[in-house]
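> Below is the structure I would like to discuss, written out as structure tokens.
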Amino acid sequence: MLKKLTAAQRAAYDENGYVDRIDIFTASEVEEIVAELAEAEATFGHELDAAGRNNAHYVLPVLDRITHDPRILDAVEDLIGPDILVVGTTLFIKEPGTKGFVSWHQDARYIGLEPHNWVTGWVALGDVSMENGCMQMIPGSHKAPLREHVDTFGKDNILTRGQTVPDVDEASAIPVEMRAGQLSLHHPRIVHGSGPNLSQRRRLGFAIQSFIAPDVDQVIGRNWTQLARGEDRYGHHGTAGHPKGVMDPHDIAFRNMTNEELSKIFYAGAAQKGKF
Ligand SMILES: O=C(O)CCC(=O)C(=O)O
């Protein structure tokens, strides 16, 4: 029996490779989350910029709470089963009127998580639309094997090496437009990307990259995981804890260490290193 998704949403995920507009947080919950995040950014901005946007759930309790919210985990359980680990998170922020974009890519191409028994969650912490650079998905693209990517290292490309699937049929792309507090879930092999923020509103997204079943191993480098639900009978990964407070120095050191290792995974085989 499904815990959070409707049968239609579950079927849409299988067919299209993603499901969106899943109601999770109320307007007042989003307001509290955004205020907590803004306070942390105002106080510790340098720790939450660039690479600091990776795995910020290790240093900010507000992001740890989102990552382990039972409503989100119920939806994830409907896709990958009752045993759930969290490998990492990323804050995807596009400031008003900025050029940053995310090229067409498949998450599974560079992240080293095999088999593809995992799913990425993306929480809208403000309304997202085409105007402010919401994600766009190529429906059904997850059914094909992994595509070759070209490393572009484009100046405004938010991805580490500007990895890009060439020749995407952009006319078939579907925008993931959502209200603040809604969640989307996408498959490791779906081709997706996002455009620049042409609006005067900040685009604030929190991606949980990713929720994995415990049989999923890391085949390129080293990962740490938090047990989010159920049990881990495989023990493939190092164990990560929860933040002790806001920006605890030990948590920052741990986060930085895991980000260094993540960087090695992202740049494995690359001709050069990019921004993060
Ligand atoms: O936030 C974005 O625009 C891209 C996010 C993304 O590629 C992902 O979560 O896999």
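Identifiers in the structure tokens: chain A, B, ... in order shown; residue index from 1 per chain; ligand index from 1 in order shown.
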For ligand 1, return the neighbouring residues as a ChimeraX atom specification (distance at most 8 Å; only C-alpha atoms and all ligand atoms).
/A:90-93,101-102,105-107,120-122,133-135,159,186,192-195,205-209
> Those same residues - N, CA and C atoms - I'd like them written as a PDB file, in the first residue's frame.

ATOM      1  N   THR A  90      22.011  19.344  -1.693  1.00  0.00           N
ATOM      2  CA  THR A  90      22.547  20.571  -2.313  1.00  0.00           C
ATOM      3  C   THR A  90      21.494  21.667  -2.289  1.00  0.00           C
ATOM      4  N   LEU A  91      21.916  22.859  -1.886  1.00  0.00           N
ATOM      5  CA  LEU A  91      21.047  24.038  -2.020  1.00  0.00           C
ATOM      6  C   LEU A  91      21.261  24.575  -3.433  1.00  0.00           C
ATOM      7  N   PHE A  92      20.196  24.593  -4.234  1.00  0.00           N
ATOM      8  CA  PHE A  92      20.292  25.155  -5.584  1.00  0.00           C
ATOM      9  C   PHE A  92      19.635  26.537  -5.562  1.00  0.00           C
ATOM     10  N   ILE A  93      20.460  27.561  -5.485  1.00  0.00           N
ATOM     11  CA  ILE A  93      19.941  28.925  -5.357  1.00  0.00           C
ATOM     12  C   ILE A  93      20.294  29.713  -6.617  1.00  0.00           C
ATOM     13  N   PHE A 101      22.667  28.559 -14.951  1.00  0.00           N
ATOM     14  CA  PHE A 101      21.739  27.550 -15.465  1.00  0.00           C
ATOM     15  C   PHE A 101      22.331  26.164 -15.214  1.00  0.00           C
ATOM     16  N   VAL A 102      21.501  25.154 -15.383  1.00  0.00           N
ATOM     17  CA  VAL A 102      21.950  23.764 -15.216  1.00  0.00           C
ATOM     18  C   VAL A 102      21.745  23.063 -16.552  1.00  0.00           C
ATOM     19  N   HIS A 105      21.413  16.976 -18.156  1.00  0.00           N
ATOM     20  CA  HIS A 105      22.301  15.938 -17.625  1.00  0.00           C
ATOM     21  C   HIS A 105      21.479  14.827 -16.975  1.00  0.00           C
ATOM     22  N   GLN A 106      22.168  13.726 -16.684  1.00  0.00           N
ATOM     23  CA  GLN A 106      21.584  12.619 -15.914  1.00  0.00           C
ATOM     24  C   GLN A 106      22.397  12.497 -14.622  1.00  0.00           C
ATOM     25  N   ASP A 107      21.734  12.509 -13.474  1.00  0.00           N
ATOM     26  CA  ASP A 107      22.459  12.461 -12.198  1.00  0.00           C
ATOM     27  C   ASP A 107      23.343  11.213 -12.106  1.00  0.00           C
ATOM     28  N   THR A 120      16.042  11.256  -6.354  1.00  0.00           N
ATOM     29  CA  THR A 120      16.423  12.579  -5.861  1.00  0.00           C
ATOM     30  C   THR A 120      15.171  13.387  -5.544  1.00  0.00           C
ATOM     31  N   GLY A 121      15.165  13.994  -4.364  1.00  0.00           N
ATOM     32  CA  GLY A 121      14.055  14.869  -3.965  1.00  0.00           C
ATOM     33  C   GLY A 121      14.454  16.328  -4.148  1.00  0.00           C
ATOM     34  N   TRP A 122      13.538  17.161  -4.586  1.00  0.00           N
ATOM     35  CA  TRP A 122      13.819  18.602  -4.783  1.00  0.00           C
ATOM     36  C   TRP A 122      12.654  19.365  -4.153  1.00  0.00           C
ATOM     37  N   GLY A 133      13.565  29.962 -13.500  1.00  0.00           N
ATOM     38  CA  GLY A 133      14.535  28.898 -13.748  1.00  0.00           C
ATOM     39  C   GLY A 133      14.224  27.590 -13.051  1.00  0.00           C
ATOM     40  N   CYS A 134      12.964  27.147 -13.135  1.00  0.00           N
ATOM     41  CA  CYS A 134      12.606  25.847 -12.539  1.00  0.00           C
ATOM     42  C   CYS A 134      13.288  24.722 -13.317  1.00  0.00           C
ATOM     43  N   MET A 135      13.332  23.535 -12.724  1.00  0.00           N
ATOM     44  CA  MET A 135      13.865  22.380 -13.452  1.00  0.00           C
ATOM     45  C   MET A 135      12.939  22.038 -14.621  1.00  0.00           C
ATOM     46  N   LEU A 159      26.583  23.270 -12.795  1.00  0.00           N
ATOM     47  CA  LEU A 159      27.126  21.923 -12.577  1.00  0.00           C
ATOM     48  C   LEU A 159      28.651  21.963 -12.529  1.00  0.00           C
ATOM     49  N   HIS A 186      12.849  12.726  -8.735  1.00  0.00           N
ATOM     50  CA  HIS A 186      13.225  12.291 -10.086  1.00  0.00           C
ATOM     51  C   HIS A 186      14.199  11.113 -10.083  1.00  0.00           C
ATOM     52  N   HIS A 192      17.561  16.039 -17.364  1.00  0.00           N
ATOM     53  CA  HIS A 192      16.907  17.247 -16.845  1.00  0.00           C
ATOM     54  C   HIS A 192      17.900  18.394 -16.794  1.00  0.00           C
ATOM     55  N   GLY A 193      17.391  19.595 -16.621  1.00  0.00           N
ATOM     56  CA  GLY A 193      18.235  20.783 -16.527  1.00  0.00           C
ATOM     57  C   GLY A 193      17.372  21.942 -16.089  1.00  0.00           C
ATOM     58  N   SER A 194      17.916  23.157 -16.121  1.00  0.00           N
ATOM     59  CA  SER A 194      17.116  24.343 -15.764  1.00  0.00           C
ATOM     60  C   SER A 194      17.774  25.586 -16.346  1.00  0.00           C
ATOM     61  N   GLY A 195      16.924  26.591 -16.636  1.00  0.00           N
ATOM     62  CA  GLY A 195      17.413  27.831 -17.240  1.00  0.00           C
ATOM     63  C   GLY A 195      17.753  28.886 -16.190  1.00  0.00           C
ATOM     64  N   GLY A 205      15.886  26.290  -4.052  1.00  0.00           N
ATOM     65  CA  GLY A 205      15.525  24.875  -4.060  1.00  0.00           C
ATOM     66  C   GLY A 205      16.485  24.085  -3.195  1.00  0.00           C
ATOM     67  N   PHE A 206      15.976  23.071  -2.536  1.00  0.00           N
ATOM     68  CA  PHE A 206      16.814  22.208  -1.699  1.00  0.00           C
ATOM     69  C   PHE A 206      16.678  20.792  -2.237  1.00  0.00           C
ATOM     70  N   ALA A 207      17.798  20.280  -2.787  1.00  0.00           N
ATOM     71  CA  ALA A 207      17.774  18.939  -3.387  1.00  0.00           C
ATOM     72  C   ALA A 207      18.382  17.936  -2.421  1.00  0.00           C
ATOM     73  N   ILE A 208      17.690  16.843  -2.202  1.00  0.00           N
ATOM     74  CA  ILE A 208      18.240  15.755  -1.403  1.00  0.00           C
ATOM     75  C   ILE A 208      18.760  14.732  -2.417  1.00  0.00           C
ATOM     76  N   GLN A 209      20.104  14.726  -2.542  1.00  0.00           N
ATOM     77  CA  GLN A 209      20.785  13.963  -3.606  1.00  0.00           C
ATOM     78  C   GLN A 209      21.694  12.921  -2.997  1.00  0.00           C
TER      79      GLN A 209
END
> Going by DSSP on the backbone, which bits of stretch 41-272 of chain A are helix (DSSP H, G or I)? Write them as a ChimeraX atom specification, please.
/A:41-48,50-53,56-58,61-67,70-80,108-111,141-143,170-172,249-266
> Output as JSON lines one row per residue of stretch 98-200 of chain A within 12 Å of stretch 253-262 of chain A: the closest atom pair and its distance in Å to one decimal place, counting only C-alpha atoms, sorted by chain and residue number ascending.

{"residue": "A:Tyr110", "atom": "CA", "partner": "A:Leu262", "partner_atom": "CA", "distance": 10.5}
{"residue": "A:Ile111", "atom": "CA", "partner": "A:Leu262", "partner_atom": "CA", "distance": 8.5}
{"residue": "A:Gly112", "atom": "CA", "partner": "A:Leu262", "partner_atom": "CA", "distance": 10.1}
{"residue": "A:Leu113", "atom": "CA", "partner": "A:Leu262", "partner_atom": "CA", "distance": 12.0}
{"residue": "A:Thr160", "atom": "CA", "partner": "A:Leu262", "partner_atom": "CA", "distance": 10.8}
> Output N, CA and C atoms for every residue in that selection, as a short mmCIF file (atom, residue, chain, number, x, y, z; two decimals), in the first residue's frame.

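So result26.cif came out as:
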data_model
loop_
_atom_site.label_atom_id
_atom_site.label_comp_id
_atom_site.auth_asym_id
_atom_site.auth_seq_id
_atom_site.Cartn_x
_atom_site.Cartn_y
_atom_site.Cartn_z
N TYR A 110 27.51 10.74 -13.20
CA TYR A 110 28.76 11.13 -12.53
C TYR A 110 28.81 10.80 -11.04
N ILE A 111 27.71 10.36 -10.48
CA ILE A 111 27.64 10.31 -9.02
C ILE A 111 28.08 8.97 -8.43
N GLY A 112 28.25 7.96 -9.29
CA GLY A 112 28.85 6.69 -8.86
C GLY A 112 27.96 5.79 -8.02
N LEU A 113 26.65 6.02 -8.01
CA LEU A 113 25.77 5.21 -7.16
C LEU A 113 25.12 4.11 -8.00
N THR A 160 29.23 21.06 -11.73
CA THR A 160 30.67 21.09 -11.49
C THR A 160 31.50 21.18 -12.77
#
> Taking the chain letters and numbering used in this document, name the residues of stretch 30-256 of chain A that DSSP puts in strand (DSSP E), as a compact mmCIF listing (two decimals) with N, CA, C and O atoms, in the first residue's frame.

# COMPACT_ATOMS: atom_id res chain seq x y z
N ILE A 84 15.86 3.32 3.88
CA ILE A 84 16.24 4.53 3.14
C ILE A 84 17.47 5.19 3.78
O ILE A 84 17.48 5.47 4.99
N LEU A 85 18.49 5.46 2.96
CA LEU A 85 19.67 6.22 3.40
C LEU A 85 19.71 7.54 2.64
O LEU A 85 19.25 7.62 1.50
N VAL A 86 20.29 8.56 3.29
CA VAL A 86 20.51 9.85 2.61
C VAL A 86 22.00 10.01 2.35
O VAL A 86 22.81 9.95 3.28
N THR A 89 23.05 16.38 0.11
CA THR A 89 22.06 17.40 -0.26
C THR A 89 22.77 18.57 -0.96
O THR A 89 23.98 18.74 -0.80
N THR A 90 22.01 19.34 -1.69
CA THR A 90 22.55 20.57 -2.31
C THR A 90 21.49 21.67 -2.29
O THR A 90 20.33 21.42 -2.64
N LEU A 91 21.92 22.86 -1.89
CA LEU A 91 21.05 24.04 -2.02
C LEU A 91 21.26 24.57 -3.43
O LEU A 91 22.38 24.94 -3.79
N PHE A 92 20.20 24.59 -4.23
CA PHE A 92 20.29 25.16 -5.58
C PHE A 92 19.63 26.54 -5.56
O PHE A 92 18.40 26.64 -5.58
N ILE A 93 20.46 27.56 -5.48
CA ILE A 93 19.94 28.92 -5.36
C ILE A 93 20.29 29.71 -6.62
O ILE A 93 21.44 29.69 -7.08
N LYS A 94 19.29 30.40 -7.16
CA LYS A 94 19.56 31.32 -8.29
C LYS A 94 19.05 32.69 -7.87
O LYS A 94 17.84 32.87 -7.65
N VAL A 102 21.50 25.15 -15.38
CA VAL A 102 21.95 23.76 -15.22
C VAL A 102 21.74 23.06 -16.55
O VAL A 102 20.61 22.99 -17.05
N SER A 103 22.84 22.58 -17.14
CA SER A 103 22.74 21.96 -18.47
C SER A 103 22.03 20.61 -18.38
O SER A 103 21.94 20.00 -17.31
N TRP A 104 21.56 20.14 -19.54
CA TRP A 104 20.88 18.83 -19.60
C TRP A 104 21.83 17.74 -19.13
O TRP A 104 22.94 17.61 -19.67
N HIS A 105 21.41 16.98 -18.16
CA HIS A 105 22.30 15.94 -17.62
C HIS A 105 21.48 14.83 -16.98
O HIS A 105 20.28 14.98 -16.75
N LEU A 113 26.65 6.02 -8.01
CA LEU A 113 25.77 5.21 -7.16
C LEU A 113 25.12 4.11 -8.00
O LEU A 113 24.33 4.41 -8.92
N GLU A 114 25.44 2.87 -7.68
CA GLU A 114 24.95 1.72 -8.45
C GLU A 114 24.41 0.65 -7.50
O GLU A 114 25.03 0.42 -6.46
N TRP A 118 17.57 4.42 -6.51
CA TRP A 118 17.58 5.64 -5.71
C TRP A 118 16.80 6.74 -6.40
O TRP A 118 16.46 6.63 -7.58
N VAL A 119 16.53 7.80 -5.66
CA VAL A 119 15.70 8.87 -6.19
C VAL A 119 16.15 10.20 -5.57
O VAL A 119 16.61 10.22 -4.42
N THR A 120 16.04 11.26 -6.35
CA THR A 120 16.42 12.58 -5.86
C THR A 120 15.17 13.39 -5.54
O THR A 120 14.25 13.47 -6.37
N GLY A 121 15.17 13.99 -4.36
CA GLY A 121 14.05 14.87 -3.97
C GLY A 121 14.45 16.33 -4.15
O GLY A 121 15.61 16.69 -3.91
N TRP A 122 13.54 17.16 -4.59
CA TRP A 122 13.82 18.60 -4.78
C TRP A 122 12.65 19.37 -4.15
O TRP A 122 11.51 19.26 -4.60
N VAL A 123 12.97 20.13 -3.11
CA VAL A 123 11.93 20.85 -2.36
C VAL A 123 11.94 22.32 -2.77
O VAL A 123 12.99 22.98 -2.69
N ALA A 124 10.80 22.83 -3.20
CA ALA A 124 10.69 24.26 -3.56
C ALA A 124 10.50 25.06 -2.27
O ALA A 124 9.51 24.88 -1.55
N MET A 135 13.33 23.53 -12.72
CA MET A 135 13.86 22.38 -13.45
C MET A 135 12.94 22.04 -14.62
O MET A 135 11.73 22.31 -14.57
N GLN A 136 13.52 21.43 -15.63
CA GLN A 136 12.74 20.90 -16.75
C GLN A 136 13.17 19.45 -16.96
O GLN A 136 14.35 19.14 -16.83
N MET A 137 12.20 18.61 -17.28
CA MET A 137 12.45 17.17 -17.42
C MET A 137 12.14 16.71 -18.85
O MET A 137 11.18 17.20 -19.46
N VAL A 150 29.15 15.64 -22.48
CA VAL A 150 30.32 16.42 -22.87
C VAL A 150 30.61 17.42 -21.74
O VAL A 150 29.70 18.09 -21.26
N ASP A 151 31.87 17.50 -21.30
CA ASP A 151 32.23 18.47 -20.26
C ASP A 151 32.45 19.83 -20.92
O ASP A 151 33.34 19.98 -21.76
N GLN A 163 28.71 19.35 -17.29
CA GLN A 163 28.41 18.15 -18.05
C GLN A 163 27.07 18.29 -18.78
O GLN A 163 26.08 18.69 -18.18
N THR A 164 27.07 17.93 -20.07
CA THR A 164 25.90 18.20 -20.91
C THR A 164 25.62 17.03 -21.83
O THR A 164 26.52 16.55 -22.51
N ILE A 174 9.40 19.24 -20.17
CA ILE A 174 8.25 19.67 -19.36
C ILE A 174 8.77 20.43 -18.13
O ILE A 174 9.59 19.90 -17.38
N PRO A 175 8.29 21.67 -17.91
CA PRO A 175 8.75 22.43 -16.73
C PRO A 175 8.17 21.86 -15.45
O PRO A 175 7.01 21.45 -15.41
N GLN A 182 6.22 22.46 -2.07
CA GLN A 182 5.98 21.22 -2.81
C GLN A 182 7.30 20.52 -3.12
O GLN A 182 8.38 21.13 -3.12
N LEU A 183 7.18 19.23 -3.41
CA LEU A 183 8.34 18.35 -3.64
C LEU A 183 8.22 17.72 -5.02
O LEU A 183 7.13 17.36 -5.45
N SER A 184 9.37 17.57 -5.68
CA SER A 184 9.41 16.68 -6.85
C SER A 184 10.41 15.57 -6.56
O SER A 184 11.34 15.74 -5.75
N LEU A 185 10.22 14.44 -7.22
CA LEU A 185 11.13 13.30 -7.08
C LEU A 185 11.52 12.86 -8.48
O LEU A 185 10.63 12.67 -9.34
N HIS A 186 12.85 12.73 -8.73
CA HIS A 186 13.22 12.29 -10.09
C HIS A 186 14.20 11.11 -10.08
O HIS A 186 14.97 10.91 -9.15
N HIS A 192 17.56 16.04 -17.36
CA HIS A 192 16.91 17.25 -16.85
C HIS A 192 17.90 18.39 -16.79
O HIS A 192 19.12 18.19 -16.88
N GLY A 193 17.39 19.60 -16.62
CA GLY A 193 18.23 20.78 -16.53
C GLY A 193 17.37 21.94 -16.09
O GLY A 193 16.21 21.76 -15.69
N SER A 194 17.92 23.16 -16.12
CA SER A 194 17.12 24.34 -15.76
C SER A 194 17.77 25.59 -16.35
O SER A 194 18.99 25.64 -16.51
N ARG A 203 15.31 32.20 -6.59
CA ARG A 203 14.84 30.83 -6.75
C ARG A 203 15.60 29.95 -5.77
O ARG A 203 16.82 29.82 -5.85
N LEU A 204 14.86 29.38 -4.84
CA LEU A 204 15.47 28.64 -3.74
C LEU A 204 14.97 27.21 -3.76
O LEU A 204 13.78 26.94 -3.53
N GLY A 205 15.89 26.29 -4.05
CA GLY A 205 15.53 24.88 -4.06
C GLY A 205 16.49 24.08 -3.20
O GLY A 205 17.68 24.41 -3.12
N PHE A 206 15.98 23.07 -2.54
CA PHE A 206 16.81 22.21 -1.70
C PHE A 206 16.68 20.79 -2.24
O PHE A 206 15.60 20.19 -2.19
N ALA A 207 17.80 20.28 -2.79
CA ALA A 207 17.77 18.94 -3.39
C ALA A 207 18.38 17.94 -2.42
O ALA A 207 19.47 18.18 -1.88
N ILE A 208 17.69 16.84 -2.20
CA ILE A 208 18.24 15.76 -1.40
C ILE A 208 18.76 14.73 -2.42
O ILE A 208 18.01 14.05 -3.10
N GLN A 209 20.10 14.73 -2.54
CA GLN A 209 20.78 13.96 -3.61
C GLN A 209 21.69 12.92 -3.00
O GLN A 209 22.88 13.22 -2.79
N SER A 210 21.19 11.91 -2.68
CA SER A 210 19.88 11.40 -3.01
C SER A 210 19.43 10.48 -1.88
O SER A 210 20.19 10.20 -0.96
N PHE A 211 18.20 10.02 -2.01
CA PHE A 211 17.70 8.96 -1.13
C PHE A 211 18.03 7.64 -1.82
O PHE A 211 17.62 7.40 -2.96
N ILE A 212 18.80 6.79 -1.14
CA ILE A 212 19.18 5.52 -1.77
C ILE A 212 18.71 4.34 -0.93
O ILE A 212 18.60 4.45 0.30
N ASP A 217 25.62 0.95 -3.88
CA ASP A 217 27.02 1.16 -3.47
C ASP A 217 27.59 2.38 -4.20
O ASP A 217 27.02 2.85 -5.18
N GLN A 218 28.71 2.87 -3.70
CA GLN A 218 29.43 3.98 -4.35
C GLN A 218 30.61 3.35 -5.10
O GLN A 218 31.52 2.80 -4.47
N TRP A 224 29.35 9.04 2.74
CA TRP A 224 28.80 8.84 4.08
C TRP A 224 27.30 8.96 3.97
O TRP A 224 26.81 9.74 3.14
N THR A 225 26.58 8.21 4.79
CA THR A 225 25.12 8.29 4.71
C THR A 225 24.50 8.39 6.10
O THR A 225 25.09 7.94 7.08
N GLN A 226 23.32 9.00 6.14
CA GLN A 226 22.50 8.96 7.34
C GLN A 226 21.40 7.91 7.10
O GLN A 226 20.85 7.87 6.00
N LEU A 227 21.11 7.14 8.13
CA LEU A 227 19.96 6.22 8.03
C LEU A 227 18.71 7.06 8.25
O LEU A 227 18.55 7.68 9.31
N ALA A 228 17.85 7.12 7.24
CA ALA A 228 16.64 7.94 7.36
C ALA A 228 15.46 7.12 7.83
O ALA A 228 14.59 7.61 8.55
N ARG A 229 15.42 5.85 7.45
CA ARG A 229 14.27 4.99 7.81
C ARG A 229 14.67 3.53 7.62
O ARG A 229 15.46 3.21 6.73
N GLY A 238 30.19 5.02 4.91
CA GLY A 238 30.48 5.55 6.23
C GLY A 238 29.21 6.10 6.86
O GLY A 238 28.22 6.36 6.16
N THR A 239 29.24 6.28 8.18
CA THR A 239 28.05 6.74 8.89
C THR A 239 28.14 8.23 9.20
O THR A 239 29.13 8.68 9.78
> What's the separation between atom CA of A:Arg201 and atom CA of A:Val30, in Å to one decimal place?
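Between atom CA of A:Arg201 and atom CA of A:Val30 the gap is 15.6 Å.
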> Tell me, as a ChimeraX atom specification, which residues lie within 10 Å of A:Glu36, counting only C-alpha atoms; anything in the same chain fewer than 6 positions away does not count.
/A:30,42,60-63
> Using N, CA, C and O atoms, can you export the residues from the last selection as a PDB file, in the first residue's frame?

ATOM      1  N   VAL A  30       7.017  26.858   5.448  1.00  0.00           N
ATOM      2  CA  VAL A  30       8.020  27.370   4.491  1.00  0.00           C
ATOM      3  C   VAL A  30       8.575  28.702   4.994  1.00  0.00           C
ATOM      4  O   VAL A  30       9.784  28.944   4.940  1.00  0.00           O
ATOM      5  N   ALA A  42      22.960  35.047   6.573  1.00  0.00           N
ATOM      6  CA  ALA A  42      23.417  36.375   6.999  1.00  0.00           C
ATOM      7  C   ALA A  42      24.609  36.253   7.944  1.00  0.00           C
ATOM      8  O   ALA A  42      25.536  37.065   7.917  1.00  0.00           O
ATOM      9  N   LEU A  60      23.324  22.603   9.348  1.00  0.00           N
ATOM     10  CA  LEU A  60      22.134  23.406   9.650  1.00  0.00           C
ATOM     11  C   LEU A  60      20.963  22.496  10.027  1.00  0.00           C
ATOM     12  O   LEU A  60      20.430  21.774   9.168  1.00  0.00           O
ATOM     13  N   PRO A  61      20.524  22.556  11.281  1.00  0.00           N
ATOM     14  CA  PRO A  61      19.398  21.706  11.702  1.00  0.00           C
ATOM     15  C   PRO A  61      18.149  21.881  10.839  1.00  0.00           C
ATOM     16  O   PRO A  61      17.422  20.918  10.600  1.00  0.00           O
ATOM     17  N   VAL A  62      17.928  23.093  10.314  1.00  0.00           N
ATOM     18  CA  VAL A  62      16.714  23.306   9.509  1.00  0.00           C
ATOM     19  C   VAL A  62      16.742  22.417   8.264  1.00  0.00           C
ATOM     20  O   VAL A  62      15.707  21.855   7.861  1.00  0.00           O
ATOM     21  N   LEU A  63      17.907  22.234   7.664  1.00  0.00           N
ATOM     22  CA  LEU A  63      17.998  21.395   6.457  1.00  0.00           C
ATOM     23  C   LEU A  63      17.977  19.909   6.820  1.00  0.00           C
ATOM     24  O   LEU A  63      17.459  19.084   6.064  1.00  0.00           O
TER      25      LEU A  63
END
> Distance atom CA of A:Gly88-atom CA of A:Ala240, one decimal place?
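About the pair atom CA of A:Gly88 and atom CA of A:Ala240: they are 10.0 Å apart.
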> Please produce, as CSV, a per-residue contact table for stretch 31-109 of chain A versus stretch 6-17 of chain A (criterion: any atom at most 12 Å away, only C-alpha atoms considered), showing the nearest atom pair and its distance in Å to one decimal, sorted by chain then residue number.

residue,atom,partner,partner_atom,distance
A:Asp74,CA,A:Thr6,CA,11.5
A:Ala75,CA,A:Arg10,CA,9.3
A:Val76,CA,A:Arg10,CA,10.5
A:Glu77,CA,A:Arg10,CA,11.1
A:Asp78,CA,A:Arg10,CA,7.5
A:Leu79,CA,A:Arg10,CA,7.4
A:Ile80,CA,A:Arg10,CA,11.2
A:Gln106,CA,A:Gly17,CA,11.3
> When you draw a straight line from atom CA of A:Pro249 to atom CA of A:Asp49, how long is it in Å?
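Separating atom CA of A:Pro249 from atom CA of A:Asp49 is a distance of 16.7 Å.
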